[in-house]
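J.: For reference, the file final_31.pdb (PDB, C-alpha atoms) is included below:
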```pdb
ATOM      1  CA  MET A  51      -9.400  94.357  65.744
ATOM      2  CA  SER A  52      -7.644  97.286  67.405
ATOM      3  CA  VAL A  53      -7.568 100.695  65.760
ATOM      4  CA  GLU A  54      -4.245 102.492  65.558
ATOM      5  CA  PRO A  55      -4.348 105.933  67.260
ATOM      6  CA  LEU A  56      -4.018 108.986  65.079
ATOM      7  CA  ASN A  57      -0.477 110.322  64.688
ATOM      8  CA  GLY A  58       0.746 113.802  63.805
ATOM      9  CA  THR A  59       0.452 113.189  60.060
ATOM     10  CA  ASP A  60      -3.107 111.949  60.488
ATOM     11  CA  ILE A  61      -4.000 115.035  62.505
ATOM     12  CA  TYR A  62      -2.443 117.298  59.878
ATOM     13  CA  ARG A  63      -4.507 115.662  57.141
ATOM     14  CA  ARG A  64      -7.698 115.921  59.190
ATOM     15  CA  LEU A  65      -7.037 119.601  59.808
ATOM     16  CA  VAL A  66      -6.381 120.293  56.128
ATOM     17  CA  GLU A  67      -9.602 118.494  55.238
ATOM     18  CA  GLY A  68     -11.402 120.576  57.845
ATOM     19  CA  ILE A  69     -10.049 123.815  56.383
ATOM     20  CA  GLU A  70     -11.019 122.657  52.897
ATOM     21  CA  THR A  71     -14.594 121.874  53.925
ATOM     22  CA  GLY A  72     -14.961 125.010  56.037
ATOM     23  CA  ASP A  73     -15.066 123.307  59.437
ATOM     24  CA  TYR A  74     -12.041 125.399  60.362
ATOM     25  CA  ALA A  75     -12.455 128.904  58.978
ATOM     26  CA  PRO A  76      -9.836 131.677  58.555
ATOM     27  CA  GLY A  77      -9.404 133.511  61.835
ATOM     28  CA  MET A  78     -10.385 130.486  63.926
ATOM     29  CA  ARG A  79      -8.215 129.483  66.877
ATOM     30  CA  LEU A  80      -6.876 125.942  66.935
ATOM     31  CA  ARG A  81      -6.777 125.051  70.625
ATOM     32  CA  GLU A  82      -4.730 121.973  71.474
ATOM     33  CA  ALA A  83      -7.112 120.854  74.207
ATOM     34  CA  ASP A  84     -10.184 121.136  71.984
ATOM     35  CA  LEU A  85      -8.517 119.282  69.131
ATOM     36  CA  ALA A  86      -7.210 116.543  71.418
ATOM     37  CA  LYS A  87     -10.741 115.993  72.701
ATOM     38  CA  ARG A  88     -12.232 116.045  69.222
ATOM     39  CA  PHE A  89      -9.806 113.515  67.786
ATOM     40  CA  GLY A  90      -9.478 111.429  70.920
ATOM     41  CA  VAL A  91      -5.695 111.711  71.193
ATOM     42  CA  SER A  92      -3.091 113.224  73.470
ATOM     43  CA  ARG A  93      -1.678 116.672  72.810
ATOM     44  CA  THR A  94       1.535 115.282  71.320
ATOM     45  CA  PRO A  95       0.115 114.348  67.866
ATOM     46  CA  ILE A  96      -1.949 117.558  67.956
ATOM     47  CA  ARG A  97       1.220 119.613  68.392
ATOM     48  CA  GLU A  98       2.902 117.680  65.584
ATOM     49  CA  GLY A  99      -0.046 118.241  63.272
ATOM     50  CA  LEU A 100      -0.231 121.945  64.088
ATOM     51  CA  LYS A 101       3.508 122.361  63.580
ATOM     52  CA  ARG A 102       3.219 120.864  60.102
ATOM     53  CA  LEU A 103       0.170 123.003  59.382
ATOM     54  CA  GLU A 104       2.195 126.075  60.385
ATOM     55  CA  SER A 105       5.113 125.044  58.156
ATOM     56  CA  GLN A 106       2.694 124.970  55.205
ATOM     57  CA  GLY A 107       1.408 128.462  55.962
ATOM     58  CA  LEU A 108      -2.022 127.183  56.963
ATOM     59  CA  ALA A 109      -1.647 128.260  60.590
ATOM     60  CA  VAL A 110       0.195 131.063  62.366
ATOM     61  CA  HIS A 111       1.063 131.613  66.013
ATOM     62  CA  GLU A 112      -0.355 134.864  67.371
ATOM     63  CA  PRO A 113       0.538 136.372  70.756
ATOM     64  CA  ASN A 114      -2.149 135.758  73.375
ATOM     65  CA  ARG A 115      -4.193 133.691  70.930
ATOM     66  CA  GLY A 116      -2.037 130.714  70.097
ATOM     67  CA  MET A 117      -2.360 128.908  66.785
ATOM     68  CA  VAL A 118      -4.785 130.553  64.349
ATOM     69  CA  ILE A 119      -5.810 129.946  60.754
ATOM     70  CA  PRO A 120      -4.590 133.074  58.918
ATOM     71  CA  VAL A 121      -6.887 135.477  57.114
ATOM     72  CA  LEU A 122      -5.745 136.696  53.689
ATOM     73  CA  ASP A 123      -6.048 140.421  53.091
ATOM     74  CA  ASN A 124      -7.426 141.966  49.895
ATOM     75  CA  ASP A 125      -4.015 142.328  48.230
ATOM     76  CA  GLN A 126      -3.073 138.727  48.972
ATOM     77  CA  ILE A 127      -6.345 137.487  47.489
ATOM     78  CA  ASN A 128      -5.849 139.534  44.323
ATOM     79  CA  GLU A 129      -2.254 138.330  43.952
ATOM     80  CA  LEU A 130      -3.322 134.731  44.476
ATOM     81  CA  TYR A 131      -5.980 134.867  41.776
ATOM     82  CA  ILE A 132      -3.609 136.534  39.302
ATOM     83  CA  VAL A 133      -1.153 133.672  39.710
ATOM     84  CA  ARG A 134      -3.938 131.101  39.668
ATOM     85  CA  ALA A 135      -5.331 132.416  36.371
ATOM     86  CA  VAL A 136      -1.924 132.029  34.717
ATOM     87  CA  LEU A 137      -1.326 128.529  36.094
ATOM     88  CA  GLU A 138      -4.819 127.175  35.442
ATOM     89  CA  GLY A 139      -4.762 128.614  31.930
ATOM     90  CA  MET A 140      -1.486 126.833  31.217
ATOM     91  CA  VAL A 141      -2.835 123.602  32.716
ATOM     92  CA  ALA A 142      -5.788 123.742  30.302
ATOM     93  CA  ARG A 143      -3.432 124.403  27.367
ATOM     94  CA  LEU A 144      -1.241 121.448  28.282
ATOM     95  CA  ALA A 145      -4.303 119.237  28.736
ATOM     96  CA  ALA A 146      -5.423 120.140  25.214
ATOM     97  CA  GLN A 147      -2.019 118.993  24.009
ATOM     98  CA  HIS A 148      -1.407 115.909  26.112
ATOM     99  CA  ALA A 149      -4.603 114.535  27.661
ATOM    100  CA  THR A 150      -5.579 111.050  26.578
ATOM    101  CA  GLU A 151      -9.022 110.386  25.145
ATOM    102  CA  ALA A 152      -9.927 108.563  28.350
ATOM    103  CA  GLU A 153      -8.924 111.584  30.451
ATOM    104  CA  ILE A 154     -10.955 113.912  28.261
ATOM    105  CA  ALA A 155     -13.963 111.611  28.507
ATOM    106  CA  LEU A 156     -13.626 111.644  32.299
ATOM    107  CA  LEU A 157     -13.543 115.449  32.353
ATOM    108  CA  ARG A 158     -16.672 115.492  30.189
ATOM    109  CA  ASP A 159     -18.406 113.046  32.534
ATOM    110  CA  MET A 160     -17.504 115.224  35.523
ATOM    111  CA  VAL A 161     -19.062 118.293  33.919
ATOM    112  CA  GLU A 162     -22.263 116.422  33.117
ATOM    113  CA  ALA A 163     -22.399 114.996  36.638
ATOM    114  CA  ASP A 164     -22.052 118.495  38.069
ATOM    115  CA  ARG A 165     -25.330 119.509  36.431
ATOM    116  CA  ASN A 166     -27.060 117.002  38.717
ATOM    117  CA  VAL A 167     -25.716 118.626  41.896
ATOM    118  CA  ILE A 168     -25.956 122.265  40.837
ATOM    119  CA  ASP A 169     -28.441 122.920  43.655
ATOM    120  CA  ASP A 170     -26.055 121.512  46.277
ATOM    121  CA  PRO A 171     -23.270 124.050  46.927
ATOM    122  CA  THR A 172     -21.284 121.710  49.184
ATOM    123  CA  ALA A 173     -21.319 118.830  46.700
ATOM    124  CA  LEU A 174     -20.512 121.149  43.805
ATOM    125  CA  ALA A 175     -17.606 122.736  45.672
ATOM    126  CA  ALA A 176     -16.124 119.275  46.304
ATOM    127  CA  SER A 177     -16.706 118.313  42.674
ATOM    128  CA  ASN A 178     -15.052 121.531  41.534
ATOM    129  CA  ARG A 179     -11.917 120.677  43.479
ATOM    130  CA  ALA A 180     -11.936 117.187  41.951
ATOM    131  CA  PHE A 181     -12.371 118.615  38.446
ATOM    132  CA  HIS A 182      -9.387 120.915  38.786
ATOM    133  CA  ARG A 183      -7.230 118.118  40.209
ATOM    134  CA  ARG A 184      -8.195 115.878  37.302
ATOM    135  CA  LEU A 185      -7.517 118.697  34.835
ATOM    136  CA  THR A 186      -4.057 119.163  36.355
ATOM    137  CA  LEU A 187      -3.308 115.456  35.974
ATOM    138  CA  ALA A 188      -4.418 115.660  32.331
ATOM    139  CA  SER A 189      -1.719 118.274  31.682
ATOM    140  CA  HIS A 190       0.935 115.539  32.114
ATOM    141  CA  ASN A 191       3.462 118.006  33.504
ATOM    142  CA  ARG A 192       4.794 117.150  36.952
ATOM    143  CA  TYR A 193       6.357 120.570  37.514
ATOM    144  CA  MET A 194       3.160 122.389  36.687
ATOM    145  CA  ALA A 195       1.287 119.971  38.956
ATOM    146  CA  ALA A 196       3.694 120.766  41.798
ATOM    147  CA  GLN A 197       3.120 124.505  41.365
ATOM    148  CA  ILE A 198      -0.644 124.018  41.290
ATOM    149  CA  ASP A 199      -0.570 121.859  44.434
ATOM    150  CA  HIS A 200       1.451 124.485  46.279
ATOM    151  CA  MET A 201      -0.946 127.231  45.200
ATOM    152  CA  ARG A 202      -4.006 125.222  46.238
ATOM    153  CA  GLN A 203      -2.829 125.200  49.823
ATOM    154  CA  SER A 204      -3.111 128.980  49.823
ATOM    155  CA  LEU A 205      -6.543 128.711  48.218
ATOM    156  CA  LEU A 206      -7.735 126.884  51.336
ATOM    157  CA  LEU A 207      -7.379 130.168  53.215
ATOM    158  CA  LEU A 208     -10.012 131.891  51.074
ATOM    159  CA  GLY A 209     -12.745 130.587  53.342
ATOM    160  CA  ARG A 210     -16.202 129.590  52.236
ATOM    161  CA  SER A 211     -16.878 128.707  48.619
ATOM    162  CA  ASN A 212     -18.294 131.112  46.040
ATOM    163  CA  TYR A 213     -20.931 128.479  45.380
ATOM    164  CA  ILE A 214     -23.263 129.880  47.994
ATOM    165  CA  ASP A 215     -24.451 132.035  45.066
ATOM    166  CA  PRO A 216     -26.646 129.920  42.737
ATOM    167  CA  ARG A 217     -25.739 132.128  39.778
ATOM    168  CA  ARG A 218     -22.056 131.387  40.312
ATOM    169  CA  ARG A 219     -22.753 127.653  40.478
ATOM    170  CA  GLU A 220     -24.389 127.685  37.048
ATOM    171  CA  GLN A 221     -21.696 129.926  35.590
ATOM    172  CA  ALA A 222     -18.883 127.741  36.925
ATOM    173  CA  VAL A 223     -20.327 124.551  35.428
ATOM    174  CA  ASP A 224     -20.766 126.302  32.073
ATOM    175  CA  GLU A 225     -17.167 127.539  32.277
ATOM    176  CA  HIS A 226     -15.928 124.010  32.966
ATOM    177  CA  ASP A 227     -17.960 122.873  29.975
ATOM    178  CA  ARG A 228     -16.229 125.390  27.701
ATOM    179  CA  ILE A 229     -12.797 124.356  28.978
ATOM    180  CA  VAL A 230     -13.559 120.717  28.179
ATOM    181  CA  GLN A 231     -14.938 121.661  24.757
ATOM    182  CA  ALA A 232     -11.647 123.388  23.920
ATOM    183  CA  ILE A 233      -9.670 120.386  25.154
ATOM    184  CA  GLU A 234     -11.866 118.009  23.142
ATOM    185  CA  ALA A 235     -11.139 120.135  20.052
ATOM    186  CA  ARG A 236      -7.398 120.101  20.893
ATOM    187  CA  ASP A 237      -7.522 123.891  20.620
ATOM    188  CA  CYS A 238      -4.675 124.937  22.886
ATOM    189  CA  ASP A 239      -5.243 128.677  22.571
ATOM    190  CA  ALA A 240      -8.943 128.382  23.355
ATOM    191  CA  ALA A 241      -8.285 126.024  26.257
ATOM    192  CA  GLU A 242      -5.837 128.446  27.851
ATOM    193  CA  ALA A 243      -8.130 131.421  27.286
ATOM    194  CA  THR A 244     -11.189 129.677  28.731
ATOM    195  CA  GLY A 245      -9.145 128.384  31.657
ATOM    196  CA  ARG A 246      -7.969 131.886  32.498
ATOM    197  CA  ARG A 247     -11.432 133.411  32.075
ATOM    198  CA  HIS A 248     -12.832 130.801  34.453
ATOM    199  CA  ILE A 249     -10.443 131.852  37.214
ATOM    200  CA  GLU A 250     -10.959 135.549  36.476
ATOM    201  CA  ALA A 251     -14.717 135.004  36.868
ATOM    202  CA  ALA A 252     -14.080 133.199  40.157
ATOM    203  CA  HIS A 253     -11.965 136.164  41.259
ATOM    204  CA  ARG A 254     -14.780 138.616  40.544
ATOM    205  CA  ALA A 255     -17.249 136.380  42.391
ATOM    206  CA  ARG A 256     -14.894 136.224  45.377
ATOM    207  CA  LEU A 257     -14.621 140.001  45.555
ATOM    208  CA  GLU A 258     -18.395 140.313  45.360
ATOM    209  CA  THR A 259     -18.771 137.804  48.183
ATOM    210  CA  MET A 260     -16.288 139.736  50.301
ATOM    211  CA  ALA A 261     -18.109 142.999  49.626
TER
END
```
Before anything else, please render the file you have as structure tokens.
T.:
Amino acid sequence: MSVEPLNGTDIYRRLVEGIETGDYAPGMRLREADLAKRFGVSRTPIREGLKRLESQGLAVHEPNRGMVIPVLDNDQINELYIVRAVLEGMVARLAAQHATEAEIALLRDMVEADRNVIDDPTALAASNRAFHRRLTLASHNRYMAAQIDHMRQSLLLLGRSNYIDPRRREQAVDEHDRIVQAIEARDCDAAEATGRRHIEAAHRARLETMA
């Protein structure tokens, strides 16, 4: 059975996944020749994938360097977290209002599962992304989900996860636990407050990591 070659959309998705996992870090050059060799394709789908990556703000063309993953400055990071705290807080509030019992049970299961991988920063970082996606779905608001999805693309440019710090891993799981507790209680105010505090704590951890 023959395998279809990767097209531009496939390359774009692979690159986004690579940025998300840290294989492609902010500041890294994205050389067409290197990528073509890595993915076993011609330069045409590589160019298509890079063009789409650039249109999403996940790559920029720099003189004498070519395509590069951008690096956010301190002000951009602060602005991003301010917006994220508002959006994630509202997502938690809406989830407390609209999530089904099955969705809440799934969120609870995810928190408990995270306690089993708390010593694995890579696994926990992936689980964290899954938790926040599931929480967004539980809000049952397509417009909020669209805003969150757009913001998460910018989050990819933050670089390595805060979960290299074992203290932050434990704190984050406990914060997720409190968010789910508020949702289970259908306490909208508490859900929003805990959701915002979770992102504010992540912001402080990010600044500490940068320092």
J.: The PyMOL selection byres ((chain A and resi 200) around 12) - which residues does that actually catch in the file I just gave you? List them as a list in words.
T.: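 Applied to this file, the PyMOL selection byres ((chain A and resi 200) around 12) returns Gln106, Gly107, Leu108, Leu130, Val133, Arg134, Leu137, Tyr193, Met194, Ala195, Ala196, Gln197, Ile198, Asp199, Met201, Arg202, Gln203, Ser204, Leu205 and Leu206 of chain A.
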J.: Evaluate the PyMOL selection byres ((chain A and resi 228-242) around 6) here and jot the selected residues down as a ChimeraX atom specification.
T.: /A:139-140,142-143,146,225-227,243-245
J.: Hey, can I get the axis-aligned box for range 127-139 of chain A? All listed atoms, 3 Å padding on each side, centre and edge lengths in Å to one decimal, as AutoDock Vina command-line options.
T.:
```
--center_x -3.7 --center_y 133.4 --center_z 39.7 --size_x 11.2 --size_y 18.4 --size_z 21.6
```
J.: Selection in question (the file shown): the PyMOL selection byres ((chain A and resi 257) around 12). Which residues does it include, as an MDAnalysis selection string?
T.: chainID A and resid 123:125 127:128 131 208 211:212 250:256 258:261
J.: With only C-alpha atoms as the basis for distance, which of A:Leu56, A:Ile214, A:Val223, A:Ala188 is at the shortest distance from Ala152 in chain A?
T.: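 Closest candidate: A:Ala188.
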J.: Excluding Arg64 in chain A and residues on its chain fewer than 6 positions from it, collect all residues at most 10 Å away from it, counting all atoms listed in the file, and give them as a ChimeraX atom specification.
T.: /A:56,58,70,89,99
J.: To one decimal place in Å, what is the distance between CA of Ile69 in chain A and CA of Arg81 in chain A?
T.: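 Pair CA of Ile69 in chain A / CA of Arg81 in chain A returns 14.7 Å.
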J.: Pick out the closest residue to Val161 in chain A from this set: A:Leu187, A:Ile132, A:Ala222, A:Leu144. Count only C-alpha atoms.
T.: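 With only C-alpha atoms as the atom set, the closest residue is A:Ala222.
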J.: Just give me the gap between CA of Arg217 in chain A and CA of Ala176 in chain A in Å, one decimal is fine.
T.: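 Value for the CA of Arg217 in chain A-CA of Ala176 in chain A distance: 17.3 Å.
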